[in-house]
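*Asks:* Have a look at this one.
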Amino acid sequence: MTHARLVEFPAGSVLGYPRIGPRRELKKALEAFWAGRSTADEVEAVAADLRRRTRTRLAELGLRTDVPAIPSAFSFYDHVLDASAVLGAVPARFADLQDERGGLDLAGYSTVARGRGDDLPLEMTKWFDTNYHYLVPEIGPETTFRYASDRPVREFAEALADGVLTRPVLVGPVTFLALAKATEGAPDDFSPIDRLADVAAVYAEVLADLAEAGATWVQLDEPALVSDSIEVPAERLYAAVVEAYKTLTAVPNRPAILVAAPYGDLGAALPVLAATDVEAIAIDLVKGSAPTELVPGLETKTLVGGVIDGHNIWRADLDAKLAILEQLEFLGAGGLRVGTSTSLFHVPHDTADEPQLDETLKSWLAFADQKVAEVVTLAEGLTEGREAIHEQLLAASDAVSSRRTAPGVVRPEVRERTAALTADAFNRGDWDTRKESQAARLDLPPLPTTTIGSFPQTPEIRKARAAFGKGELTAEQYEDEMKAEIRRVVELQEQIGLDVLVHGEPERNDMVQYFAENLDGFAVTQNGWVQSYGSRCTRPSILWGDVSRPAPITVAWAQYAQSLTEKPMKGMLTGPVTILAWSFVRDDQPLGETANQVGLALRDEINDLEAAGIAIIQVDEPALRELLPLRAEDHEAYLQWSVNSFRLATAGVRDDTQIHTHLCYSEFGQIMGAIDGLDADVTSIEAARSKMEILGDIAAEGYPRGIGPGVYDIHSPRVPSESEVTELLTEAVKALPVDQLWVNPDCGLKTRRYEEVSPSLEHILAATRTVRATL
Ligand code: GLN
Ligand code: ZN
């Protein structure tokens, strides 16, 4: 039984679209508002204009406007925060920002996202296996849920007034609670999912209101159903699906419901969803696979096959995609439609906006707008038959074969090197010997102090880089400016008394792009921005071909920096897994093969650094955890290739060369074994906020090598006091043998200002001296 008005789901649709704007218009508007340079109304006007332009563009590209093919999926900051705002579920510390209905205005919404004074913002964490970060809802037994904001309804109505029937998109109730964390005072046995009935009741009100406004379909995103990394056990999660969708499908006169499951395979959750009364299910057929058996209940539903990759930028082989869709026909679903695997907000807008990109490379790419066109084409193919899209099929397969055979994609000399690798290439000597020879060479005090690599990127540095980019500075002038900056950074570190120095990374625009620009097989974009969180965007590089290193990259900088000091200077590189994670990576071969190519290129660099006299080399892998597959059964294979590529990069050095790595987080639960597997001599991790908690686990594992738990939370402008750091270090020496411990901040300092960094480092040094005196 269904209460929904029966309206067909459009033949082709996308799950979402970039929301920051082709020229990052929303970013600029928000940042001006936060800086007090503009009003909320001005931001609203920019946002409304962006939404309108998005609708126009999507319609131009062929999505229908009379049936809800165009998603209404805008967000000022984050779609999970938006759900919190709709539900009025704001932590008590921000209750004063809510109006009498529980709603937030733009300033209040921004404050919940960004914090104020001692009121910490909502915690931010990675969204599934992407580089997007969402704001974690804080839910307790006391949280009041009420229909606090009708923004989704207003945005739907705005589009309708413009003549476009959109499909409002909300985070689904199950995923919302599955991603939430319990409020601090909540009892131990409380889980946010306990509040499902209350949350579903508000969603029911929203659906009714949307229907009232004229919405025929809504999309509820439930990616929690494709992941094993959710804290709620699967059984509980499935029970929640049954309960939530029972409530929602029972709403009288509601819109039809599409449940979307991006980022992976629904697995056992598919039959659970199919047994509910929702009208449609969108499955990810890029990361996930097509069901191979009949699924009871599916025969009455519309199935949206997400065959166009929303998470990567390669043009699709349309013929192959059509074949995948045709294979689904045996399922006997009530209707088969075409979609994207995920929202398109993980990819840039338009390849046409990249005049400097090589034309051949460009012909292999599909950014958001090209993907919309692919969906439209496939929808036509599915309804009208292959003949109707004959030309597009040909063009797509031409692009695919051009990519297969183009120079640079497969380079024999690179292939021969990876094929010839033996086990030796992945293994260093035993730890005890390394430990002894490194100690003899480096002669460091107990609790050696260091930093993670970058120093503040000052406006002067940015200006010089921009001027160099525009040709206003010669290479020589630019190099002189960077050298002057390195000199300043080295002097500062000497003054403060750090034991192991860094050059500060002023010459790097970004820790991945910098290497992409200096390695073969990569391209970089001009306008390829994607949202990372809030107003922050990154511009991932494109790894399109076989990777190698044409010439040394960092060696001259490291040598220069080392020439300025007697102390050891750390060489500083980004690791292979992180380079892959933060780029758009070729999808025509296993990631492990690509990772080994990058690993070998870095190995060349590391060996050259060693030959140039650099005794300590840090290879950052902050993204090691990010790429961890969502399904537990895939973890082992991932950890194997990722760890191997790091080992391949680092295992070519002598015993007395010390390899460091840095990971930006401290939740090691699922990857403790991998950290051991990296076999780095020293690993620095984030630990200040969690108060060194992780060290207990590390000790329990019997981890033998060096650990640098962060003692300074660099994500906050706060300067930690000397006594605070002393306390953290006292904890650390209680938890682990002193000869394993290093002292460092949580992460790089590039986003901080010198006014914060200098006193913080001074306090760290003073605290270290105090603790050393007690040893
Ligand atoms: N070496 C880098 C830096 O200090 C590491 C950054 C990171 O871990 N994200 O900036
Ligand atoms: Zn970090």
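Here, A, B, ... name the chains of the structure tokens in the order displayed, residue numbers run from 1 inside each chain, and ligands are numbered from 1 in the same displayed order.
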Can you tell me, as a PDB file with N, CA and C atoms, in the first residue's frame, what residues are no more than 7 Å from Val226 (chain A) when counting only C-alpha atoms, ignoring any on the same chain fewer than 4 positions away?
*Replies:*
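Result file is selection-v3.pdb:
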ATOM      1  N   ALA A 261      21.650   5.160  -1.995  1.00  0.00           N
ATOM      2  CA  ALA A 261      22.718   4.509  -1.223  1.00  0.00           C
ATOM      3  C   ALA A 261      24.050   4.643  -1.949  1.00  0.00           C
ATOM      4  N   TYR A 263      28.228   5.468  -2.570  1.00  0.00           N
ATOM      5  CA  TYR A 263      29.558   5.133  -2.031  1.00  0.00           C
ATOM      6  C   TYR A 263      29.851   3.652  -1.881  1.00  0.00           C
ATOM      7  N   GLY A 264      28.917   2.783  -2.254  1.00  0.00           N
ATOM      8  CA  GLY A 264      29.281   1.377  -2.139  1.00  0.00           C
ATOM      9  C   GLY A 264      28.111   0.451  -2.327  1.00  0.00           C
ATOM     10  N   ASP A 265      28.348  -0.775  -1.909  1.00  0.00           N
ATOM     11  CA  ASP A 265      27.394  -1.837  -2.130  1.00  0.00           C
ATOM     12  C   ASP A 265      26.412  -1.922  -0.969  1.00  0.00           C
ATOM     13  N   LEU A 266      25.146  -2.000  -1.277  1.00  0.00           N
ATOM     14  CA  LEU A 266      24.158  -2.142  -0.206  1.00  0.00           C
ATOM     15  C   LEU A 266      24.247  -3.511   0.465  1.00  0.00           C
TER      16      LEU A 266
END
*Asks:* Applying 10 Å and only C-alpha atoms, which residues near Asp424 (chain A) remain after dropping the ones on its own chain fewer than 5 positions away? List them as a PyMOL selection string.
*Replies:* chain A and resi 429+648+651-652
*Asks:* Keeping C-alpha atoms for every residue in the selection just given, could you write it to a file as a short mmCIF file (atom, residue, chain, number, x, y, z; two decimals), in the first residue's frame?
*Replies:*
data_model
loop_
_atom_site.label_atom_id
_atom_site.label_comp_id
_atom_site.auth_asym_id
_atom_site.auth_seq_id
_atom_site.Cartn_x
_atom_site.Cartn_y
_atom_site.Cartn_z
CA GLY A 429 66.91 -4.11 7.78
CA LEU A 648 58.54 0.60 -1.50
CA ALA A 651 62.91 0.84 2.04
CA GLY A 652 65.77 1.90 -0.21
#
*Asks:* Ligand 2: which residues are within 10 Å, counting only C-alpha atoms and all ligand atoms? Reply as a list of chain:residue names.
*Replies:*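 My answer, listing the contacting residues, is A:Ile452, A:Gly453, A:Ser454, A:Asp620, A:Glu621, A:Pro622, A:Ala623, A:Thr661, A:His662, A:Leu663, A:Cys664, A:Tyr665, A:Ser684, A:Ile685, A:Glu686, A:Gly710, A:Ile714, A:His715, A:Pro745, A:Asp746, A:Cys747, A:Gly748, A:Leu749.
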*Asks:* Could the residues in this selection be written to a file with N, CA and C atoms, as a tab-separated table (two decimals), in the first residue's frame?
*Replies:*
chain	number	residue	atom	x	y	z
A	452	ILE	N	55.96	19.20	12.33
A	452	ILE	CA	55.46	18.26	11.32
A	452	ILE	C	55.86	18.69	9.90
A	453	GLY	N	56.34	19.89	9.73
A	453	GLY	CA	56.86	20.25	8.41
A	453	GLY	C	56.60	21.67	8.00
A	454	SER	N	55.32	22.05	7.88
A	454	SER	CA	55.06	23.39	7.37
A	454	SER	C	55.09	24.41	8.50
A	620	ASP	N	54.80	11.84	4.64
A	620	ASP	CA	53.49	12.03	5.27
A	620	ASP	C	52.43	11.11	4.65
A	621	GLU	N	51.64	10.47	5.49
A	621	GLU	CA	50.51	9.67	4.99
A	621	GLU	C	49.22	9.99	5.75
A	622	PRO	N	48.82	11.27	5.77
A	622	PRO	CA	47.61	11.60	6.52
A	622	PRO	C	46.35	10.96	5.95
A	623	ALA	N	46.40	10.48	4.71
A	623	ALA	CA	45.17	9.95	4.11
A	623	ALA	C	45.10	8.43	4.16
A	661	THR	N	57.05	9.15	9.58
A	661	THR	CA	55.81	9.38	8.86
A	661	THR	C	54.90	10.18	9.76
A	662	HIS	N	53.87	10.79	9.16
A	662	HIS	CA	52.92	11.58	9.94
A	662	HIS	C	51.51	11.22	9.51
A	663	LEU	N	50.67	10.97	10.50
A	663	LEU	CA	49.26	10.65	10.26
A	663	LEU	C	48.47	11.71	11.01
A	664	CYS	N	47.43	12.24	10.38
A	664	CYS	CA	46.75	13.41	10.96
A	664	CYS	C	45.70	13.08	12.01
A	665	TYR	N	45.63	11.90	12.50
A	665	TYR	CA	44.51	11.54	13.37
A	665	TYR	C	45.03	10.53	14.36
A	684	SER	N	54.49	10.32	13.77
A	684	SER	CA	53.84	11.37	14.57
A	684	SER	C	52.34	11.33	14.32
A	685	ILE	N	51.59	11.53	15.39
A	685	ILE	CA	50.13	11.43	15.33
A	685	ILE	C	49.49	12.57	16.10
A	686	GLU	N	48.20	12.73	15.86
A	686	GLU	CA	47.43	13.73	16.60
A	686	GLU	C	47.08	13.15	17.97
A	710	GLY	N	51.11	14.26	19.29
A	710	GLY	CA	51.01	15.72	19.23
A	710	GLY	C	50.67	16.31	20.59
A	714	ILE	N	46.84	22.14	16.69
A	714	ILE	CA	47.03	23.26	15.75
A	714	ILE	C	45.74	23.65	15.03
A	715	HIS	N	44.64	22.89	15.27
A	715	HIS	CA	43.38	23.23	14.62
A	715	HIS	C	42.69	24.40	15.31
A	745	PRO	N	54.02	19.06	17.50
A	745	PRO	CA	52.60	19.45	17.40
A	745	PRO	C	51.78	18.34	16.73
A	746	ASP	N	50.46	18.49	16.74
A	746	ASP	CA	49.54	17.54	16.13
A	746	ASP	C	49.69	17.43	14.62
A	747	CYS	N	50.03	18.55	13.97
A	747	CYS	CA	50.04	18.58	12.51
A	747	CYS	C	50.90	19.77	12.06
A	748	GLY	N	50.94	20.00	10.75
A	748	GLY	CA	51.70	21.12	10.21
A	748	GLY	C	51.14	22.47	10.66
A	749	LEU	N	51.98	23.51	10.57
A	749	LEU	CA	51.63	24.81	11.14
A	749	LEU	C	51.16	25.80	10.09
*Asks:* Go through A:Gly575, A:Gly702, A:Pro448, A:Gly102 and flag the residue nearest ligand 1, using only C-alpha atoms and all ligand atoms for the distances.
*Replies:*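 Checking each candidate against ligand 1, we get A:Gly575 as the closest.
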*Asks:* With 6 Å as the cut-off and only C-alpha atoms counted, what is the closest atom pair between each nearby residue of region 331-426 of chain A and region 310-313 of chain A? Distances in Å to one decimal, ordered by chain and number, as JSON lines.
*Replies:*
{"residue": "A:Thr340", "atom": "CA", "partner": "A:Gly310", "partner_atom": "CA", "distance": 5.7}
{"residue": "A:Ser341", "atom": "CA", "partner": "A:Gly310", "partner_atom": "CA", "distance": 5.4}
{"residue": "A:Thr342", "atom": "CA", "partner": "A:Gly310", "partner_atom": "CA", "distance": 4.7}
{"residue": "A:Ser343", "atom": "CA", "partner": "A:Gly310", "partner_atom": "CA", "distance": 5.7}
{"residue": "A:Leu344", "atom": "CA", "partner": "A:Gly310", "partner_atom": "CA", "distance": 4.8}
{"residue": "A:His346", "atom": "CA", "partner": "A:His311", "partner_atom": "CA", "distance": 5.4}
{"residue": "A:Leu365", "atom": "CA", "partner": "A:Ile313", "partner_atom": "CA", "distance": 5.6}
{"residue": "A:Ala366", "atom": "CA", "partner": "A:Ile313", "partner_atom": "CA", "distance": 5.1}
{"residue": "A:Phe367", "atom": "CA", "partner": "A:Ile313", "partner_atom": "CA", "distance": 5.5}
*Asks:* Output C-alpha atoms for every residue in the selection just made, as a PDB file, in the first residue's frame.
*Replies:*
ATOM      1  CA  THR A 340      25.035   8.824 -10.879  1.00  0.00           C
ATOM      2  CA  SER A 341      26.704   6.628  -8.272  1.00  0.00           C
ATOM      3  CA  THR A 342      26.956   9.545  -5.836  1.00  0.00           C
ATOM      4  CA  SER A 343      26.183  13.231  -5.819  1.00  0.00           C
ATOM      5  CA  LEU A 344      28.378  15.116  -8.278  1.00  0.00           C
ATOM      6  CA  HIS A 346      32.939  15.527  -5.451  1.00  0.00           C
ATOM      7  CA  LEU A 365      37.423  13.599 -18.831  1.00  0.00           C
ATOM      8  CA  ALA A 366      33.915  14.176 -17.572  1.00  0.00           C
ATOM      9  CA  PHE A 367      33.361  16.749 -14.858  1.00  0.00           C
TER      10      PHE A 367
END
